[in-house]
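Structure data follow from input.pdb (PDB, C-alpha atoms):
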```pdb
ATOM      1  CA  GLY A   1     -22.342  -8.262  11.488
ATOM      2  CA  TYR A   2     -20.712  -8.335   8.126
ATOM      3  CA  VAL A   3     -21.394  -9.796   4.710
ATOM      4  CA  THR A   4     -20.686 -13.518   4.750
ATOM      5  CA  VAL A   5     -19.864 -15.540   1.695
ATOM      6  CA  GLY A   6     -17.335 -17.690   3.545
ATOM      7  CA  ALA A   7     -16.220 -18.174   7.127
ATOM      8  CA  MET A   8     -14.483 -14.804   7.409
ATOM      9  CA  ARG A   9     -15.495 -12.993   4.217
ATOM     10  CA  TRP A  10     -14.944  -9.259   4.409
ATOM     11  CA  HIS A  11     -13.178  -9.604   7.723
ATOM     12  CA  TYR A  12     -10.159  -7.300   7.713
ATOM     13  CA  ARG A  13      -7.867 -10.336   7.512
ATOM     14  CA  ASP A  14      -9.890 -12.055   4.788
ATOM     15  CA  GLU A  15      -7.423 -13.540   2.316
ATOM     16  CA  ALA A  16      -9.646 -12.828  -0.716
ATOM     17  CA  LEU A  17      -9.824  -9.146   0.279
ATOM     18  CA  LEU A  18      -6.106  -8.853   1.021
ATOM     19  CA  ARG A  19      -5.103 -10.644  -2.192
ATOM     20  CA  LEU A  20      -6.755  -7.831  -4.160
ATOM     21  CA  PHE A  21      -3.827  -5.651  -3.061
ATOM     22  CA  ILE A  22      -1.465  -7.783  -5.236
ATOM     23  CA  PRO A  23      -2.938  -6.933  -8.675
ATOM     24  CA  ALA A  24      -3.700  -3.402  -7.420
ATOM     25  CA  TYR A  25      -0.035  -2.966  -6.528
ATOM     26  CA  ALA A  26       1.131  -4.454  -9.850
ATOM     27  CA  ILE A  27      -1.151  -2.042 -11.742
ATOM     28  CA  HIS A  28       0.079   0.832  -9.562
ATOM     29  CA  VAL A  29       3.752   0.047 -10.238
ATOM     30  CA  ALA A  30       3.015  -0.269 -13.971
ATOM     31  CA  GLU A  31       1.267   3.123 -13.954
ATOM     32  CA  GLU A  32       4.229   4.672 -12.128
ATOM     33  CA  TRP A  33       6.758   3.052 -14.499
ATOM     34  CA  PHE A  34       4.992   3.820 -17.776
ATOM     35  CA  GLY A  35       3.850   7.220 -16.485
ATOM     36  CA  GLY A  36       7.444   8.282 -15.887
ATOM     37  CA  PHE A  37       7.538   8.374 -12.082
ATOM     38  CA  THR A  38      11.338   7.992 -12.079
ATOM     39  CA  THR A  39      11.703  11.325 -13.873
ATOM     40  CA  TRP A  40       8.588  13.006 -12.405
ATOM     41  CA  ILE A  41      10.034  12.597  -8.887
ATOM     42  CA  GLU A  42      12.777  15.078  -9.858
ATOM     43  CA  GLN A  43      10.248  17.914  -9.413
ATOM     44  CA  VAL A  44       9.850  16.928  -5.767
ATOM     45  CA  ALA A  45      13.205  15.376  -4.844
ATOM     46  CA  GLY A  46      15.566  17.443  -6.972
ATOM     47  CA  GLY A  47      16.835  14.530  -9.039
ATOM     48  CA  PRO A  48      15.546  11.556 -11.039
ATOM     49  CA  MET A  49      15.239   8.076  -9.515
ATOM     50  CA  SER A  50      17.172   5.365 -11.309
ATOM     51  CA  GLY A  51      15.127   2.686 -12.992
ATOM     52  CA  ALA A  52      17.118   0.072 -11.079
ATOM     53  CA  ALA A  53      16.300   1.675  -7.710
ATOM     54  CA  PHE A  54      12.620   1.901  -8.656
ATOM     55  CA  LEU A  55      12.519  -1.766  -9.642
ATOM     56  CA  VAL A  56      14.398  -2.954  -6.538
ATOM     57  CA  VAL A  57      12.210  -0.953  -4.128
ATOM     58  CA  ASN A  58       9.033  -2.226  -5.779
ATOM     59  CA  ALA A  59      10.211  -5.838  -6.090
ATOM     60  CA  VAL A  60      11.048  -5.914  -2.369
ATOM     61  CA  ALA A  61       7.705  -4.257  -1.561
ATOM     62  CA  MET A  62       5.789  -6.813  -3.672
ATOM     63  CA  MET A  63       7.606  -9.680  -1.953
ATOM     64  CA  LEU A  64       6.802  -8.233   1.489
ATOM     65  CA  LEU A  65       3.187  -7.662   0.428
ATOM     66  CA  VAL A  66       2.721 -11.309  -0.600
ATOM     67  CA  ILE A  67       4.404 -12.605   2.576
ATOM     68  CA  GLY A  68       2.413 -10.145   4.701
ATOM     69  CA  ILE A  69      -0.919 -11.146   3.170
ATOM     70  CA  ARG A  70      -0.170 -14.800   3.820
ATOM     71  CA  ALA A  71       0.789 -14.112   7.452
ATOM     72  CA  ALA A  72      -2.127 -11.734   8.146
ATOM     73  CA  SER A  73      -4.768 -14.044   6.697
ATOM     74  CA  ARG A  74      -3.464 -17.089   8.591
ATOM     75  CA  ALA A  75      -3.291 -15.803  12.189
ATOM     76  CA  GLU A  76      -5.042 -13.147  14.267
ATOM     77  CA  SER A  77      -1.688 -12.413  15.939
ATOM     78  CA  HIS A  78      -0.508 -11.143  12.542
ATOM     79  CA  GLY A  79      -3.644  -9.072  11.895
ATOM     80  CA  TRP A  80      -1.627  -5.884  12.367
ATOM     81  CA  ILE A  81      -0.003  -6.664   8.993
ATOM     82  CA  ALA A  82      -3.381  -6.251   7.243
ATOM     83  CA  VAL A  83      -3.724  -2.857   8.941
ATOM     84  CA  THR A  84      -0.157  -2.003   7.849
ATOM     85  CA  ILE A  85      -1.012  -2.837   4.222
ATOM     86  CA  ALA A  86      -4.171  -0.691   4.404
ATOM     87  CA  THR A  87      -2.243   2.169   6.025
ATOM     88  CA  ILE A  88       0.441   2.115   3.319
ATOM     89  CA  ALA A  89      -2.214   2.112   0.572
ATOM     90  CA  ILE A  90      -3.966   5.119   2.111
ATOM     91  CA  ILE A  91      -0.713   7.028   2.733
ATOM     92  CA  ASN A  92       0.480   6.283  -0.801
ATOM     93  CA  THR A  93      -2.767   7.699  -2.211
ATOM     94  CA  ALA A  94      -2.381  10.841  -0.098
ATOM     95  CA  ALA A  95       1.283  11.180  -1.140
ATOM     96  CA  HIS A  96       0.397  10.968  -4.842
ATOM     97  CA  ALA A  97      -2.392  13.527  -4.387
ATOM     98  CA  ALA A  98      -0.047  15.845  -2.469
ATOM     99  CA  GLY A  99       2.676  15.396  -5.107
ATOM    100  CA  ALA A 100       0.231  16.245  -7.888
ATOM    101  CA  ALA A 101      -0.981  19.317  -5.983
ATOM    102  CA  LEU A 102       2.560  20.423  -5.116
ATOM    103  CA  THR A 103       3.847  20.137  -8.688
ATOM    104  CA  GLN A 104       0.519  21.026 -10.327
ATOM    105  CA  SER A 105       1.078  18.028 -12.581
ATOM    106  CA  TYR A 106       0.045  14.395 -12.931
ATOM    107  CA  SER A 107       1.833  12.256 -10.356
ATOM    108  CA  PRO A 108       2.398   8.859 -12.048
ATOM    109  CA  GLY A 109       0.534   6.361  -9.893
ATOM    110  CA  LEU A 110      -2.218   8.780  -8.836
ATOM    111  CA  VAL A 111      -5.018   7.156 -10.838
ATOM    112  CA  SER A 112      -4.417   3.607  -9.613
ATOM    113  CA  ALA A 113      -3.913   4.890  -6.057
ATOM    114  CA  VAL A 114      -7.270   6.707  -6.103
ATOM    115  CA  VAL A 115      -9.172   3.979  -7.978
ATOM    116  CA  LEU A 116      -7.614   0.903  -6.324
ATOM    117  CA  PHE A 117      -5.578   1.717  -3.194
ATOM    118  CA  ALA A 118      -8.013   4.169  -1.591
ATOM    119  CA  PRO A 119     -11.035   1.807  -1.727
ATOM    120  CA  LEU A 120      -9.066  -1.329  -0.763
ATOM    121  CA  GLY A 121      -7.186   0.432   2.016
ATOM    122  CA  SER A 122     -10.357   2.080   3.301
ATOM    123  CA  LEU A 123     -12.404  -1.139   3.241
ATOM    124  CA  THR A 124      -9.660  -3.039   5.040
ATOM    125  CA  MET A 125      -9.294  -0.270   7.630
ATOM    126  CA  ILE A 126     -13.070   0.024   8.167
ATOM    127  CA  ARG A 127     -13.284  -3.741   8.682
ATOM    128  CA  ALA A 128     -10.295  -3.612  11.073
ATOM    129  CA  LEU A 129     -11.989  -0.860  13.098
ATOM    130  CA  ASP A 130     -14.968  -3.220  13.364
ATOM    131  CA  HIS A 131     -13.101  -6.454  14.158
ATOM    132  CA  ALA A 132      -9.553  -5.873  15.368
ATOM    133  CA  PRO A 133      -8.355  -5.137  18.881
ATOM    134  CA  ARG A 134      -7.248  -1.488  19.259
ATOM    135  CA  GLY A 135      -3.643  -2.587  19.886
ATOM    136  CA  THR A 136      -3.627  -4.421  16.555
ATOM    137  CA  ILE A 137      -4.854  -1.288  14.782
ATOM    138  CA  ALA A 138      -2.315   0.949  16.541
ATOM    139  CA  ARG A 139       0.578  -1.400  15.761
ATOM    140  CA  GLY A 140      -0.473  -1.725  12.114
ATOM    141  CA  VAL A 141      -0.845   2.026  11.617
ATOM    142  CA  ILE A 142       2.515   2.763  13.276
ATOM    143  CA  VAL A 143       4.328   0.111  11.221
ATOM    144  CA  GLY A 144       2.598   1.398   8.059
ATOM    145  CA  LEU A 145       3.713   4.955   8.793
ATOM    146  CA  VAL A 146       7.289   3.831   9.500
ATOM    147  CA  LEU A 147       7.501   1.611   6.398
ATOM    148  CA  HIS A 148       6.105   4.285   4.084
ATOM    149  CA  ALA A 149       8.493   6.833   5.611
ATOM    150  CA  PHE A 150      11.335   4.397   4.926
ATOM    151  CA  VAL A 151      10.208   4.035   1.285
ATOM    152  CA  PHE A 152      10.055   7.846   1.007
ATOM    153  CA  VAL A 153      13.582   8.197   2.397
ATOM    154  CA  ALA A 154      14.885   5.425   0.119
ATOM    155  CA  ALA A 155      13.229   7.017  -2.929
ATOM    156  CA  PHE A 156      14.617  10.457  -2.109
ATOM    157  CA  ALA A 157      18.070   9.031  -1.351
ATOM    158  CA  SER A 158      18.083   7.254  -4.718
ATOM    159  CA  THR A 159      17.686  10.628  -6.477
ATOM    160  CA  ARG A 160      20.953  11.956  -5.064
TER
END
```

Have the structure of the file written as structure tokens, please.
Amino acid sequence: GYVTVGAMRWHYRDEALLRLFIPAYAIHVAEEWFGGFTTWIEQVAGGPMSGAAFLVVNAVAMMLLVIGIRAASRAESHGWIAVTIATIAIINTAAHAAGAALTQSYSPGLVSAVVLFAPLGSLTMIRALDHAPRGTIARGVIVGLVLHAFVFVAAFASTR
């Protein structure tokens, strides 16, 4: 069983749970922006990221996040999207931690990733492991890995 406050509360596709990723992502992007991620990335990628590229990548990601949450919470057939969102949040946290360790410096976005993304991503993934068919989990994890890899490539390409 799981905690019930509504029909599907704390289910991995629960809209109230998934919607928490929206302010978490906004806070994360703000931390990256004001923390100087566009210049910090030079230590890892060899060049700074333009502010325009940063804003475009994150605007597209926010749009996809909102659309994905709506789709995932409305139909079980789109449950893999909730797993994708959780996967990206967990990978992003790991990437910030690895970047901080690699550069031995603060990786802008690390705090919000650890405080917001890690718990939300973990809770969503734990609930998915409890409720979702294995194929849904596999699809969501694979798409999450591919999308985050694409973001990585786009970020690195924008520093050239």

Go through A:Ala30, A:Ile67, A:Leu18, A:Ile88 one by one, measure the shortest atom-to-atom distance of each to Val151 (chain A) using all atoms listed in the file, and give the residue with the smallest value.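 So, comparing all the options, the nearest one is A:Ile88.
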
Step by step, work through what the PyMOL selection byres ((chain A and resi 106) around 12) selects in the shown file, and finish by giving those residues as a list of chain:residue names.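 Selected by the PyMOL selection byres ((chain A and resi 106) around 12) here: A:Glu31, A:Glu32, A:Gly35, A:Gly36, A:Phe37, A:Trp40, A:Ile41, A:Gln43, A:His96, A:Ala97, A:Ala98, A:Gly99, A:Ala100, A:Ala101, A:Leu102, A:Thr103, A:Gln104, A:Ser105, A:Ser107, A:Pro108, A:Gly109, A:Leu110, A:Val111.
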
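Distances from A:Arg13, A:Ile27, A:Val153, A:Met125 to Ala71 (chain A) were compared using all atoms listed in the file, and the smallest one belongs to A:Arg13.
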
Need the shell around Ala113 (chain A): protein/DNA/RNA residues with any atom at most 9 Å away, counting only C-alpha atoms. Skip same-chain ones fewer than 2 positions apart. Format as a VMD selection string? chain A and resid 24 to 25 28 89 to 90 92 to 94 96 to 97 109 to 111 115 to 119

Just want the 9 Å neighbourhood of Glu15 (chain A), counted on only C-alpha atoms, with same-chain residues fewer than 3 positions away dropped. Output as a list in words.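 My list of contacting residues is Met8, Arg9, Trp10, His11, Tyr12, Leu18, Arg19, Leu20, Ile69, Arg70, Ala72, Ser73 and Arg74 of chain A.
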
The PyMOL selection byres ((chain A and resi 127) around 10) on the file shown: which residues, as a list in words?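 Here the PyMOL selection byres ((chain A and resi 127) around 10) matches Tyr2, Trp10, His11, Tyr12, Arg13, Asp14, Val83, Gly121, Ser122, Leu123, Thr124, Met125, Ile126, Ala128, Leu129, Asp130, His131 and Ala132 of chain A.
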
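CA of Gly144 (chain A) lies 8.0 Å from CA of Ala86 (chain A).
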
Using Å and a single decimal, report how far CA of Val114 (chain A) sits from CA of Ala138 (chain A).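 Between these atoms lies a distance of 23.9 Å.
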
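Those residues that approach Trp80 (chain A) to within 7 Å, counting all atoms listed in the file, are Thr136, Ile137, Arg139 and Gly140 of chain A; same-chain residues fewer than 5 positions away are not listed.
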
To one decimal in Å, tell me the separation between CA of Trp33 (chain A) and CA of Met49 (chain A).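 Straight-line distance from CA of Trp33 (chain A) to CA of Met49 (chain A) works out to 11.0 Å.
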
If I put a ball of radius 7 Å at (17.8, 15.7, -5.2) in the file's coordinates, which residues poke into it when counting all atoms listed in the file, written as a list in words?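 The distance filter leaves exactly Glu42, Ala45, Gly46, Gly47, Phe156, Thr159 and Arg160 of chain A.
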
Fewer than 6 positions away in the same chain doesn't count, so skip those; otherwise give me all residues within 12 Å of Val56 (chain A), counting all atoms listed in the file, as a ChimeraX atom specification. /A:29,49-50,62-63,151,154-155,158

Taking only C-alpha atoms into account, which of A:Ala95, A:Ala59, A:Ala52, A:Ala16 comes nearest Leu145 (chain A)?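 Of all the options, A:Ala95 lies closest to Leu145 (chain A).
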
Rebuild N, CA and C atoms on region 28-48 of chain A, as a PDB file, in the frame of the given file?
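Wrote selection.pdb, looks like this:
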```
ATOM      1  N   HIS A  28      -0.469  -0.436 -10.055  1.00  0.00           N
ATOM      2  CA  HIS A  28       0.079   0.832  -9.562  1.00  0.00           C
ATOM      3  C   HIS A  28       1.528   1.015 -10.000  1.00  0.00           C
ATOM      4  N   VAL A  29       2.339  -0.021  -9.841  1.00  0.00           N
ATOM      5  CA  VAL A  29       3.752   0.047 -10.238  1.00  0.00           C
ATOM      6  C   VAL A  29       3.857   0.248 -11.757  1.00  0.00           C
ATOM      7  N   ALA A  30       3.006  -0.433 -12.514  1.00  0.00           N
ATOM      8  CA  ALA A  30       3.015  -0.269 -13.971  1.00  0.00           C
ATOM      9  C   ALA A  30       2.646   1.171 -14.345  1.00  0.00           C
ATOM     10  N   GLU A  31       1.639   1.731 -13.665  1.00  0.00           N
ATOM     11  CA  GLU A  31       1.267   3.123 -13.954  1.00  0.00           C
ATOM     12  C   GLU A  31       2.429   4.066 -13.623  1.00  0.00           C
ATOM     13  N   GLU A  32       3.083   3.835 -12.493  1.00  0.00           N
ATOM     14  CA  GLU A  32       4.229   4.672 -12.128  1.00  0.00           C
ATOM     15  C   GLU A  32       5.343   4.541 -13.172  1.00  0.00           C
ATOM     16  N   TRP A  33       5.659   3.305 -13.560  1.00  0.00           N
ATOM     17  CA  TRP A  33       6.758   3.052 -14.499  1.00  0.00           C
ATOM     18  C   TRP A  33       6.480   3.678 -15.857  1.00  0.00           C
ATOM     19  N   PHE A  34       5.313   3.328 -16.438  1.00  0.00           N
ATOM     20  CA  PHE A  34       4.992   3.820 -17.776  1.00  0.00           C
ATOM     21  C   PHE A  34       4.599   5.297 -17.770  1.00  0.00           C
ATOM     22  N   GLY A  35       4.194   5.808 -16.607  1.00  0.00           N
ATOM     23  CA  GLY A  35       3.850   7.220 -16.485  1.00  0.00           C
ATOM     24  C   GLY A  35       5.055   8.111 -16.261  1.00  0.00           C
ATOM     25  N   GLY A  36       6.221   7.504 -16.048  1.00  0.00           N
ATOM     26  CA  GLY A  36       7.444   8.282 -15.887  1.00  0.00           C
ATOM     27  C   GLY A  36       7.722   8.764 -14.471  1.00  0.00           C
ATOM     28  N   PHE A  37       7.318   7.979 -13.471  1.00  0.00           N
ATOM     29  CA  PHE A  37       7.538   8.374 -12.082  1.00  0.00           C
ATOM     30  C   PHE A  37       9.010   8.643 -11.790  1.00  0.00           C
ATOM     31  N   THR A  38       9.903   7.847 -12.374  1.00  0.00           N
ATOM     32  CA  THR A  38      11.338   7.992 -12.079  1.00  0.00           C
ATOM     33  C   THR A  38      11.879   9.356 -12.488  1.00  0.00           C
ATOM     34  N   THR A  39      11.283   9.971 -13.503  1.00  0.00           N
ATOM     35  CA  THR A  39      11.703  11.325 -13.873  1.00  0.00           C
ATOM     36  C   THR A  39      10.795  12.383 -13.234  1.00  0.00           C
ATOM     37  N   TRP A  40       9.512  12.058 -13.043  1.00  0.00           N
ATOM     38  CA  TRP A  40       8.588  13.006 -12.405  1.00  0.00           C
ATOM     39  C   TRP A  40       9.067  13.366 -10.998  1.00  0.00           C
ATOM     40  N   ILE A  41       9.609  12.403 -10.277  1.00  0.00           N
ATOM     41  CA  ILE A  41      10.034  12.597  -8.887  1.00  0.00           C
ATOM     42  C   ILE A  41      11.084  13.708  -8.768  1.00  0.00           C
ATOM     43  N   GLU A  42      11.764  14.013  -9.867  1.00  0.00           N
ATOM     44  CA  GLU A  42      12.777  15.078  -9.858  1.00  0.00           C
ATOM     45  C   GLU A  42      12.171  16.422  -9.433  1.00  0.00           C
ATOM     46  N   GLN A  43      10.918  16.662  -9.784  1.00  0.00           N
ATOM     47  CA  GLN A  43      10.248  17.914  -9.413  1.00  0.00           C
ATOM     48  C   GLN A  43      10.113  18.051  -7.893  1.00  0.00           C
ATOM     49  N   VAL A  44      10.045  16.932  -7.208  1.00  0.00           N
ATOM     50  CA  VAL A  44       9.850  16.928  -5.767  1.00  0.00           C
ATOM     51  C   VAL A  44      11.176  16.713  -5.025  1.00  0.00           C
ATOM     52  N   ALA A  45      11.988  15.792  -5.552  1.00  0.00           N
ATOM     53  CA  ALA A  45      13.205  15.376  -4.844  1.00  0.00           C
ATOM     54  C   ALA A  45      14.474  16.056  -5.331  1.00  0.00           C
ATOM     55  N   GLY A  46      14.396  16.743  -6.467  1.00  0.00           N
ATOM     56  CA  GLY A  46      15.566  17.443  -6.972  1.00  0.00           C
ATOM     57  C   GLY A  46      16.431  16.634  -7.917  1.00  0.00           C
ATOM     58  N   GLY A  47      16.088  15.370  -8.113  1.00  0.00           N
ATOM     59  CA  GLY A  47      16.835  14.530  -9.039  1.00  0.00           C
ATOM     60  C   GLY A  47      15.988  13.344  -9.456  1.00  0.00           C
ATOM     61  N   PRO A  48      16.311  12.722 -10.596  1.00  0.00           N
ATOM     62  CA  PRO A  48      15.546  11.556 -11.039  1.00  0.00           C
ATOM     63  C   PRO A  48      15.894  10.331 -10.190  1.00  0.00           C
TER      64      PRO A  48
END
```
